[in-house]
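Participant: One file: upload-v5.pdb (PDB, C-alpha atoms).
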ATOM      1  CA  GLY A   1     -27.424 -24.179  -2.833
ATOM      2  CA  GLY A   2     -26.576 -26.831  -0.292
ATOM      3  CA  GLY A   3     -27.938 -27.498   3.175
ATOM      4  CA  GLY A   4     -24.954 -28.894   5.077
ATOM      5  CA  GLY A   5     -23.697 -25.645   6.631
ATOM      6  CA  GLY A   6     -25.432 -26.159   9.972
ATOM      7  CA  ARG A   7     -24.190 -29.749  10.390
ATOM      8  CA  ALA A   8     -20.741 -28.874   9.093
ATOM      9  CA  ALA A   9     -20.263 -26.161  11.716
ATOM     10  CA  HIS A  10     -20.163 -28.870  14.391
ATOM     11  CA  ARG A  11     -17.612 -31.143  12.703
ATOM     12  CA  GLY A  12     -13.854 -31.091  12.616
ATOM     13  CA  GLY A  13     -13.071 -30.808  16.338
ATOM     14  CA  GLY A  14     -12.732 -27.753  18.507
ATOM     15  CA  ARG A  15     -15.464 -25.475  19.699
ATOM     16  CA  ALA A  16     -18.095 -24.807  17.047
ATOM     17  CA  PRO A  17     -18.878 -21.151  16.381
ATOM     18  CA  PRO A  18     -22.536 -20.124  16.535
ATOM     19  CA  VAL A  19     -24.095 -20.442  13.097
ATOM     20  CA  VAL A  20     -27.345 -19.058  11.715
ATOM     21  CA  ARG A  21     -28.206 -20.918   8.509
ATOM     22  CA  LEU A  22     -30.584 -19.489   5.932
ATOM     23  CA  PRO A  23     -32.630 -21.768   3.677
ATOM     24  CA  ALA A  24     -30.902 -22.689   0.430
ATOM     25  CA  LEU A  25     -31.791 -20.612  -2.608
ATOM     26  CA  PRO A  26     -33.966 -22.886  -4.775
ATOM     27  CA  TYR A  27     -32.688 -21.459  -8.076
ATOM     28  CA  GLY A  28     -29.295 -20.600  -9.471
ATOM     29  CA  HIS A  29     -27.508 -19.722 -12.682
ATOM     30  CA  SER A  30     -28.101 -22.706 -14.991
ATOM     31  CA  PRO A  31     -28.586 -21.465 -18.553
ATOM     32  CA  HIS A  32     -26.377 -24.322 -19.790
ATOM     33  CA  HIS A  33     -29.025 -26.790 -18.528
ATOM     34  CA  LEU A  34     -32.093 -25.251 -20.157
ATOM     35  CA  PHE A  35     -32.204 -28.122 -22.669
ATOM     36  CA  ALA A  36     -33.302 -30.256 -19.690
ATOM     37  CA  ALA A  37     -36.094 -27.901 -18.573
ATOM     38  CA  ALA A  38     -34.008 -26.325 -15.799
ATOM     39  CA  VAL A  39     -35.155 -23.121 -14.122
ATOM     40  CA  SER A  40     -32.363 -20.585 -14.313
ATOM     41  CA  LEU A  41     -31.686 -17.093 -13.048
ATOM     42  CA  SER A  42     -29.647 -14.813 -15.259
ATOM     43  CA  ALA A  43     -26.206 -13.882 -13.931
ATOM     44  CA  SER A  44     -27.417 -10.355 -13.210
ATOM     45  CA  THR A  45     -30.521 -11.598 -11.370
ATOM     46  CA  LEU A  46     -28.532 -14.010  -9.196
ATOM     47  CA  ALA A  47     -26.010 -11.245  -8.472
ATOM     48  CA  ALA A  48     -28.874  -8.937  -7.477
ATOM     49  CA  VAL A  49     -30.453 -11.613  -5.247
ATOM     50  CA  LEU A  50     -27.147 -12.268  -3.489
ATOM     51  CA  ALA A  51     -26.535  -8.531  -3.108
ATOM     52  CA  ASP A  52     -29.982  -8.127  -1.537
ATOM     53  CA  VAL A  53     -29.441 -11.076   0.823
ATOM     54  CA  LEU A  54     -26.044  -9.729   1.900
ATOM     55  CA  ARG A  55     -27.437  -6.198   2.309
ATOM     56  CA  SER A  56     -30.424  -7.462   4.313
ATOM     57  CA  LEU A  57     -28.208  -9.449   6.667
ATOM     58  CA  THR A  58     -25.747  -6.591   7.090
ATOM     59  CA  GLU A  59     -28.491  -4.065   7.776
ATOM     60  CA  SER A  60     -29.952  -6.523  10.304
ATOM     61  CA  GLY A  61     -26.669  -6.438  12.194
ATOM     62  CA  PHE A  62     -24.788  -9.486  10.921
ATOM     63  CA  ARG A  63     -21.093  -8.719  10.495
ATOM     64  CA  ARG A  64     -19.706 -12.125   9.489
ATOM     65  CA  ILE A  65     -21.402 -13.821   6.556
ATOM     66  CA  MET A  66     -20.327 -16.855   4.533
ATOM     67  CA  ILE A  67     -22.077 -18.034   1.374
ATOM     68  CA  VAL A  68     -21.799 -21.782   0.703
ATOM     69  CA  ASN A  69     -22.528 -22.884  -2.847
ATOM     70  CA  GLY A  70     -23.434 -26.259  -4.330
ATOM     71  CA  HIS A  71     -23.718 -25.496  -8.072
ATOM     72  CA  GLY A  72     -20.861 -24.757 -10.472
ATOM     73  CA  GLY A  73     -22.829 -22.176 -12.450
ATOM     74  CA  ASN A  74     -23.111 -19.965  -9.351
ATOM     75  CA  ASP A  75     -19.461 -20.000  -8.330
ATOM     76  CA  GLU A  76     -18.040 -16.896 -10.014
ATOM     77  CA  ILE A  77     -21.216 -14.859  -9.420
ATOM     78  CA  MET A  78     -21.262 -15.719  -5.709
ATOM     79  CA  ARG A  79     -17.588 -14.851  -5.241
ATOM     80  CA  LEU A  80     -18.019 -11.539  -7.053
ATOM     81  CA  ALA A  81     -21.104 -10.706  -4.939
ATOM     82  CA  VAL A  82     -19.057 -11.139  -1.754
ATOM     83  CA  LYS A  83     -16.189  -9.025  -3.095
ATOM     84  CA  GLU A  84     -18.511  -6.227  -4.189
ATOM     85  CA  HIS A  85     -20.478  -6.256  -0.921
ATOM     86  CA  ALA A  86     -17.296  -5.951   1.150
ATOM     87  CA  LEU A  87     -16.386  -2.735  -0.687
ATOM     88  CA  GLY A  88     -19.294  -0.837   0.842
ATOM     89  CA  ALA A  89     -20.443  -2.744   3.929
ATOM     90  CA  GLU A  90     -18.958  -3.079   7.406
ATOM     91  CA  GLY A  91     -18.064  -6.649   8.215
ATOM     92  CA  ALA A  92     -16.260  -9.691   6.877
ATOM     93  CA  PHE A  93     -17.680 -11.783   4.060
ATOM     94  CA  ALA A  94     -16.659 -15.110   2.534
ATOM     95  CA  ALA A  95     -17.772 -17.488  -0.182
ATOM     96  CA  CYS A  96     -16.975 -21.066  -1.121
ATOM     97  CA  SER A  97     -18.250 -23.955  -3.159
ATOM     98  CA  TYR A  98     -18.424 -27.216  -1.216
ATOM     99  CA  TRP A  99     -15.931 -28.965  -3.510
ATOM    100  CA  SER A 100     -13.339 -26.166  -3.501
ATOM    101  CA  LEU A 101     -12.232 -26.487   0.133
ATOM    102  CA  GLY A 102      -9.188 -28.298   1.473
ATOM    103  CA  GLU A 103      -5.717 -29.102   0.275
ATOM    104  CA  ALA A 104      -6.737 -31.365  -2.591
ATOM    105  CA  PRO A 105     -10.105 -30.119  -3.828
ATOM    106  CA  GLU A 106     -11.752 -32.261  -6.475
ATOM    107  CA  ASN A 107     -13.681 -30.906  -9.417
ATOM    108  CA  PRO A 108     -17.049 -32.633  -9.027
ATOM    109  CA  GLY A 109     -18.128 -32.237 -12.619
ATOM    110  CA  HIS A 110     -21.875 -32.421 -13.107
ATOM    111  CA  ALA A 111     -24.154 -35.433 -12.599
ATOM    112  CA  GLY A 112     -21.226 -37.831 -12.988
ATOM    113  CA  ARG A 113     -19.390 -40.288 -10.750
ATOM    114  CA  TYR A 114     -18.412 -37.806  -7.993
ATOM    115  CA  GLU A 115     -21.769 -36.127  -7.419
ATOM    116  CA  THR A 116     -23.676 -39.394  -7.839
ATOM    117  CA  SER A 117     -21.412 -41.109  -5.284
ATOM    118  CA  LEU A 118     -22.135 -38.353  -2.753
ATOM    119  CA  MET A 119     -25.870 -38.552  -3.461
ATOM    120  CA  LEU A 120     -25.835 -42.348  -3.060
ATOM    121  CA  ALA A 121     -24.322 -41.797   0.412
ATOM    122  CA  ALA A 122     -26.514 -38.846   1.444
ATOM    123  CA  HIS A 123     -29.888 -39.529  -0.208
ATOM    124  CA  PRO A 124     -29.905 -42.862  -2.071
ATOM    125  CA  ASP A 125     -33.690 -42.631  -2.448
ATOM    126  CA  LEU A 126     -33.197 -39.669  -4.804
ATOM    127  CA  VAL A 127     -30.933 -41.602  -7.204
ATOM    128  CA  ARG A 128     -32.664 -43.517  -9.977
ATOM    129  CA  THR A 129     -31.239 -47.032 -10.170
ATOM    130  CA  PRO A 130     -29.908 -48.849 -11.974
ATOM    131  CA  ILE A 131     -27.672 -45.992 -13.046
ATOM    132  CA  GLU A 132     -27.482 -45.924 -16.816
ATOM    133  CA  PRO A 133     -23.999 -45.762 -18.365
ATOM    134  CA  HIS A 134     -23.339 -42.446 -20.074
ATOM    135  CA  THR A 135     -20.771 -42.231 -22.838
ATOM    136  CA  PRO A 136     -21.495 -39.300 -25.151
ATOM    137  CA  ALA A 137     -20.345 -39.562 -28.731
ATOM    138  CA  GLY A 138     -17.555 -37.345 -29.968
ATOM    139  CA  ALA A 139     -14.653 -35.623 -28.264
ATOM    140  CA  PRO A 140     -14.851 -34.712 -24.582
ATOM    141  CA  PRO A 141     -16.488 -31.295 -24.210
ATOM    142  CA  LEU A 142     -14.222 -28.306 -23.718
ATOM    143  CA  PHE A 143     -15.796 -27.449 -20.350
ATOM    144  CA  ALA A 144     -14.792 -30.871 -18.977
ATOM    145  CA  ALA A 145     -11.397 -31.125 -20.673
ATOM    146  CA  PRO A 146      -9.980 -27.631 -21.271
ATOM    147  CA  PRO A 147      -7.004 -27.554 -23.650
ATOM    148  CA  HIS A 148      -4.731 -25.965 -21.000
ATOM    149  CA  PRO A 149      -4.706 -26.162 -17.167
ATOM    150  CA  GLY A 150      -6.457 -23.193 -15.597
ATOM    151  CA  LEU A 151      -8.282 -22.273 -18.785
ATOM    152  CA  THR A 152     -12.078 -21.975 -18.759
ATOM    153  CA  ALA A 153     -13.374 -23.039 -22.155
ATOM    154  CA  GLU A 154     -16.911 -23.513 -23.461
ATOM    155  CA  ARG A 155     -18.240 -24.498 -26.882
ATOM    156  CA  HIS A 156     -21.789 -23.762 -27.986
ATOM    157  CA  GLY A 157     -24.146 -26.721 -27.652
ATOM    158  CA  GLU A 158     -21.804 -29.047 -25.789
ATOM    159  CA  TRP A 159     -23.795 -29.228 -22.551
ATOM    160  CA  ALA A 160     -26.821 -30.468 -24.487
ATOM    161  CA  ARG A 161     -24.685 -32.809 -26.609
ATOM    162  CA  VAL A 162     -23.421 -34.631 -23.496
ATOM    163  CA  GLY A 163     -26.789 -34.546 -21.722
ATOM    164  CA  GLY A 164     -25.533 -32.257 -18.967
ATOM    165  CA  MET A 165     -23.161 -34.886 -17.588
ATOM    166  CA  THR A 166     -19.431 -34.344 -17.417
ATOM    167  CA  ASP A 167     -18.586 -38.016 -16.907
ATOM    168  CA  ASP A 168     -20.174 -41.447 -16.546
ATOM    169  CA  PRO A 169     -22.286 -41.734 -13.359
ATOM    170  CA  SER A 170     -22.599 -45.542 -13.648
ATOM    171  CA  ALA A 171     -19.206 -45.914 -11.927
ATOM    172  CA  ALA A 172     -20.625 -44.247  -8.801
ATOM    173  CA  ARG A 173     -20.734 -46.110  -5.491
ATOM    174  CA  PRO A 174     -21.988 -44.744  -2.166
ATOM    175  CA  ASP A 175     -19.150 -42.639  -0.753
ATOM    176  CA  PRO A 176     -19.848 -41.754   2.876
ATOM    177  CA  GLY A 177     -16.117 -41.048   3.296
ATOM    178  CA  GLY A 178     -16.239 -38.437   0.548
ATOM    179  CA  LEU A 179     -19.309 -36.894   2.127
ATOM    180  CA  THR A 180     -17.527 -36.755   5.498
ATOM    181  CA  ILE A 181     -14.475 -35.114   3.911
ATOM    182  CA  ARG A 182     -16.630 -32.409   2.274
ATOM    183  CA  ALA A 183     -18.517 -31.747   5.536
ATOM    184  CA  THR A 184     -15.291 -31.688   7.557
ATOM    185  CA  GLU A 185     -13.610 -29.259   5.158
ATOM    186  CA  LEU A 186     -16.646 -26.995   5.279
ATOM    187  CA  ALA A 187     -16.591 -27.151   9.090
ATOM    188  CA  ARG A 188     -12.904 -26.203   9.055
ATOM    189  CA  ALA A 189     -13.613 -23.305   6.698
ATOM    190  CA  ILE A 190     -16.445 -22.031   8.902
ATOM    191  CA  ARG A 191     -14.277 -22.292  12.014
ATOM    192  CA  ALA A 192     -11.272 -20.635  10.322
ATOM    193  CA  PHE A 193     -13.441 -17.762   9.049
ATOM    194  CA  ALA A 194     -14.982 -17.329  12.512
ATOM    195  CA  GLU A 195     -11.566 -17.281  14.197
ATOM    196  CA  ALA A 196     -10.016 -14.907  11.654
ATOM    197  CA  THR A 197     -12.907 -12.463  11.957
ATOM    198  CA  ALA A 198     -13.651 -12.689  15.684
ATOM    199  CA  PRO A 199     -13.721  -9.375  17.551
ATOM    200  CA  GLY A 200     -10.134  -8.472  18.384
ATOM    201  CA  ALA A 201      -8.673 -10.779  15.698
ATOM    202  CA  VAL A 202      -7.560  -7.860  13.516
TER     203      VAL A 202
END
Could you show the structure in this file as structure tokens?
Facilitator:
Amino acid sequence: GGGGGGRAAHRGGGRAPPVVRLPALPYGHSPHHLFAAAVSLSASTLAAVLADVLRSLTESGFRRIMIVNGHGGNDEIMRLAVKEHALGAEGAFAACSYWSLGEAPENPGHAGRYETSLMLAAHPDLVRTPIEPHTPAGAPPLFAAPPHPGLTAERHGEWARVGGMTDDPSAARPDPGGLTIRATELARAIRAFAEATAPGAV
């Protein structure tokens, strides 16, 4: 997911590498959001789709491919798809989630202050206002507050209990600066990948 790859390639200074941008995949791995009538691909289906996309591009002659992700549920699957593809295909392959780039990446959570602030800057017409405060009852869910740094933890039913939100979106304000930082970091990642994998770079 995410459509900023083409614009991002021309940010951040320096000469922009040529970029061919595919349309965003309209579905991802979201079984934790099915309580809200989400459409979700299984992990194996998303992995197969990404493998087919990578194979198609490689067989068409592309030798440098970067997948840019915009949904937390896809992250591990996308990274594994790139690793597995590189084992058998000629070329260089990369993957990132828009929030994971840069020296101080921020965990965006889901449908909370961070993502809502970016949406208010990018597409305010898509944000329902006024933004309702969201304070779920009970302890913070394990996925949002793991008991130890670096630990991934999930508890059955917690995504539905908190309504799919990791934090309160009502604190969101339009954040064009945050949007610029994300686009600039993506541009830097694209440029760095292009430079590191240019013919003669190895």
Participant: Using the chain letters and numbers from this file, what does the PyMOL selection byres ((chain A and resi 26-28) around 9) select? Give the answer as a list in words.
Facilitator: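 That expression, the PyMOL selection byres ((chain A and resi 26-28) around 9), corresponds here to Gly1, Pro23, Ala24, Leu25, His29, Ser30, Val39, Ser40, Leu41, Ser42, Ala43, Leu46, His71, Gly73 and Asn74 of chain A.
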Participant: So, counting all atoms listed in the file, which residue among A:Arg79, A:Arg155, A:His123, A:His85 is closest to Ala139 (chain A)?
Facilitator: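 Ranked by minimum distance to Ala139 (chain A), first place goes to A:Arg155.
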Participant: On this structure, the PyMOL selection byres ((chain A and resi 17) around 10) would catch which residues? List them as a PyMOL selection string, sorted by chain and number.
Facilitator: chain A and resi 9-10+14-16+18-20+187+190-195+198
Participant: Compare A:His110, A:Arg128, A:Arg63, A:Arg188 by their minimum atom-to-atom distance to Gly91 (chain A), counting only C-alpha atoms, and give me the closest one.
Facilitator: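 Under the stated criterion, the closest residue is A:Arg63.
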Participant: What do you get, as a PyMOL selection string, if you spell out every residue that the PyMOL selection byres ((chain A and resi 114) around 12) selects here?
Facilitator: chain A and resi 99+106-113+115-121+165-179+182
Participant: CA of Ala95 (chain A) to CA of Ile65 (chain A): how many Å, to one decimal?
Facilitator: 8.5 Å
Participant: Quote the spacing between CA of Leu186 (chain A) and CA of Thr58 (chain A) in Å to one decimal place.
Facilitator: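 Interatomic distance, CA of Leu186 (chain A) to CA of Thr58 (chain A): 22.4 Å.
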Participant: If I take CA of Pro130 (chain A) and CA of Ala145 (chain A), how far is one from the other in Å, to one decimal?
Facilitator: 27.1 Å
Participant: Select, from A:Gly88, A:Pro136, A:Gly157, A:Pro124, the residue with the minimum atom-to-atom distance to Phe35 (chain A), counting all atoms listed in the file.
Facilitator: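 Among the listed residues, the smallest separation from Phe35 (chain A) belongs to A:Gly157.
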